[in-house]
Amino acid sequence: MRKDSRLSRMLHVLVHLHQLQKAITSDQLALMLHTNPVVVRRTMALLREQGYVSAVKGHGGGWTLAKPLHSITLLDIHRSLSEGTLFTIGLTDEHNHCPIEKAVNLAIDDVLQEAENLVLQRFGEVTLDKLAVGYSPKPV
């Protein structure tokens, strides 16, 4: 099963945008991330919709930060990118009349919900400026 790495990739991009202080094209970001520029544009558009980045078309254009890193949390970016739950562990419903299956599903669901709540709480406590500490700008 493939892992969804969009959160870590976009955090990486946002810190670079902060450090470089100039517009970066989707092509440049795609080279950095080893992906396709279309994937970059589609993912960055999700962040633009929430006001975290902006884009300028044409010569000299590209993506820039629209908000300072200290005002953006991991939770903000996670919510911008995610449609579902953090954990993809599935519960079975093949024997939904079986009391054992119901007990197993309830136990798993309770633990997963508690873990997800804790992770999301922590995501809300970490601002992106903390990720940029100690790193020098490097050309993309």
# chains A, B, ... in the order shown; residues from 1 in each chain; ligands from 1
$ residues_around --residues "range 68-84 of chain A" --least-positions-apart "5" --cutoff "12 Å" --atoms "only C-alpha atoms" --output "PyMOL selection string"
chain A and resi 4-19+21+42-53+116-133
$ select_by_dssp --residues "range 15-139 of chain A" --states "strand (DSSP E)" --output "MDAnalysis selection string"
chainID A and resid 53:56 62:65
$ write_last_selection --atoms "all heavy atoms" --output "compact mmCIF listing (two decimals), in the first residue's frame"
# COMPACT_ATOMS: atom_id res chain seq x y z
N VAL A 53 -0.69 29.89 0.00
CA VAL A 53 0.24 30.24 -1.08
C VAL A 53 -0.52 31.04 -2.12
O VAL A 53 -1.76 31.03 -2.16
CB VAL A 53 0.88 28.99 -1.74
CG1 VAL A 53 1.74 28.22 -0.76
CG2 VAL A 53 -0.16 28.09 -2.38
N SER A 54 0.24 31.71 -2.98
CA SER A 54 -0.35 32.39 -4.12
C SER A 54 0.48 32.06 -5.34
O SER A 54 1.63 31.63 -5.23
CB SER A 54 -0.43 33.89 -3.88
OG SER A 54 0.85 34.42 -3.64
N ALA A 55 -0.11 32.26 -6.50
CA ALA A 55 0.58 31.94 -7.75
C ALA A 55 0.46 33.11 -8.71
O ALA A 55 -0.59 33.76 -8.79
CB ALA A 55 -0.01 30.69 -8.38
N VAL A 56 1.55 33.36 -9.42
CA VAL A 56 1.58 34.38 -10.46
C VAL A 56 1.95 33.69 -11.75
O VAL A 56 2.92 32.92 -11.79
CB VAL A 56 2.61 35.49 -10.12
CG1 VAL A 56 2.73 36.48 -11.26
CG2 VAL A 56 2.24 36.17 -8.82
N GLY A 62 5.31 32.17 -10.52
CA GLY A 62 5.47 30.94 -9.76
C GLY A 62 4.71 31.02 -8.46
O GLY A 62 3.86 31.89 -8.26
N TRP A 63 5.04 30.11 -7.57
CA TRP A 63 4.37 30.00 -6.27
C TRP A 63 5.15 30.78 -5.22
O TRP A 63 6.38 30.75 -5.18
CB TRP A 63 4.29 28.54 -5.85
CG TRP A 63 3.46 27.70 -6.77
CD1 TRP A 63 3.90 26.91 -7.78
CD2 TRP A 63 2.04 27.59 -6.76
NE1 TRP A 63 2.85 26.31 -8.40
CE2 TRP A 63 1.69 26.71 -7.80
CE3 TRP A 63 1.04 28.15 -5.98
CZ2 TRP A 63 0.37 26.37 -8.07
CZ3 TRP A 63 -0.28 27.81 -6.25
CH2 TRP A 63 -0.60 26.92 -7.28
N THR A 64 4.43 31.47 -4.35
CA THR A 64 5.02 32.16 -3.20
C THR A 64 4.14 31.93 -1.98
O THR A 64 2.96 31.59 -2.11
CB THR A 64 5.13 33.68 -3.45
OG1 THR A 64 3.83 34.20 -3.71
CG2 THR A 64 6.07 34.00 -4.60
N LEU A 65 4.72 32.15 -0.81
CA LEU A 65 3.94 32.08 0.42
C LEU A 65 3.01 33.27 0.50
O LEU A 65 3.39 34.39 0.16
CB LEU A 65 4.85 32.11 1.64
CG LEU A 65 5.46 30.82 2.13
CD1 LEU A 65 6.35 31.08 3.34
CD2 LEU A 65 4.41 29.79 2.47
$ select_by_dssp --residues "chain A" --states "helix (DSSP H, G or I)" --output "PyMOL selection string"
chain A and resi 6-20+26-33+37-49+69-71+74-81+99-125+128-130
$ closest_residue --among "A:Lys3, A:His95, A:Lys102, A:Arg41" --to "Asp27 in chain A" --atoms "only C-alpha atoms"
A:Arg41
$ atom_distance --atom1 "CA of Val39 in chain A" --atom2 "CA of Ile24 in chain A"
14.9 Å
$ closest_residue --among "A:Leu29, A:Leu20, A:Leu91, A:Ala66" --to "Val104 in chain A" --atoms "only C-alpha atoms"
A:Leu91
$ residues_around --residues "Asp93 in chain A" --least-positions-apart "4" --cutoff "10 Å" --atoms "only C-alpha atoms" --output "VMD selection string"
chain A and resid 97 to 98 101 to 102 105
$ write_last_selection --atoms "N, CA and C atoms" --output "mmCIF file, in the first residue's frame"
data_model
loop_
_atom_site.group_PDB
_atom_site.id
_atom_site.type_symbol
_atom_site.label_atom_id
_atom_site.label_comp_id
_atom_site.auth_asym_id
_atom_site.auth_seq_id
_atom_site.Cartn_x
_atom_site.Cartn_y
_atom_site.Cartn_z
ATOM 1 N N HIS A 97 -23.418 -9.389 12.307
ATOM 2 C CA HIS A 97 -24.314 -9.879 13.360
ATOM 3 C C HIS A 97 -23.549 -10.624 14.450
ATOM 4 N N CYS A 98 -22.256 -10.806 14.246
ATOM 5 C CA CYS A 98 -21.435 -11.551 15.209
ATOM 6 C C CYS A 98 -20.984 -10.610 16.324
ATOM 7 N N GLU A 101 -17.155 -9.893 16.329
ATOM 8 C CA GLU A 101 -16.734 -8.896 15.334
ATOM 9 C C GLU A 101 -17.092 -7.489 15.793
ATOM 10 N N LYS A 102 -18.264 -7.324 16.364
ATOM 11 C CA LYS A 102 -18.672 -6.010 16.860
ATOM 12 C C LYS A 102 -17.722 -5.519 17.950
ATOM 13 N N ASN A 105 -14.301 -4.585 16.308
ATOM 14 C CA ASN A 105 -14.415 -3.318 15.580
ATOM 15 C C ASN A 105 -14.518 -2.127 16.521
#
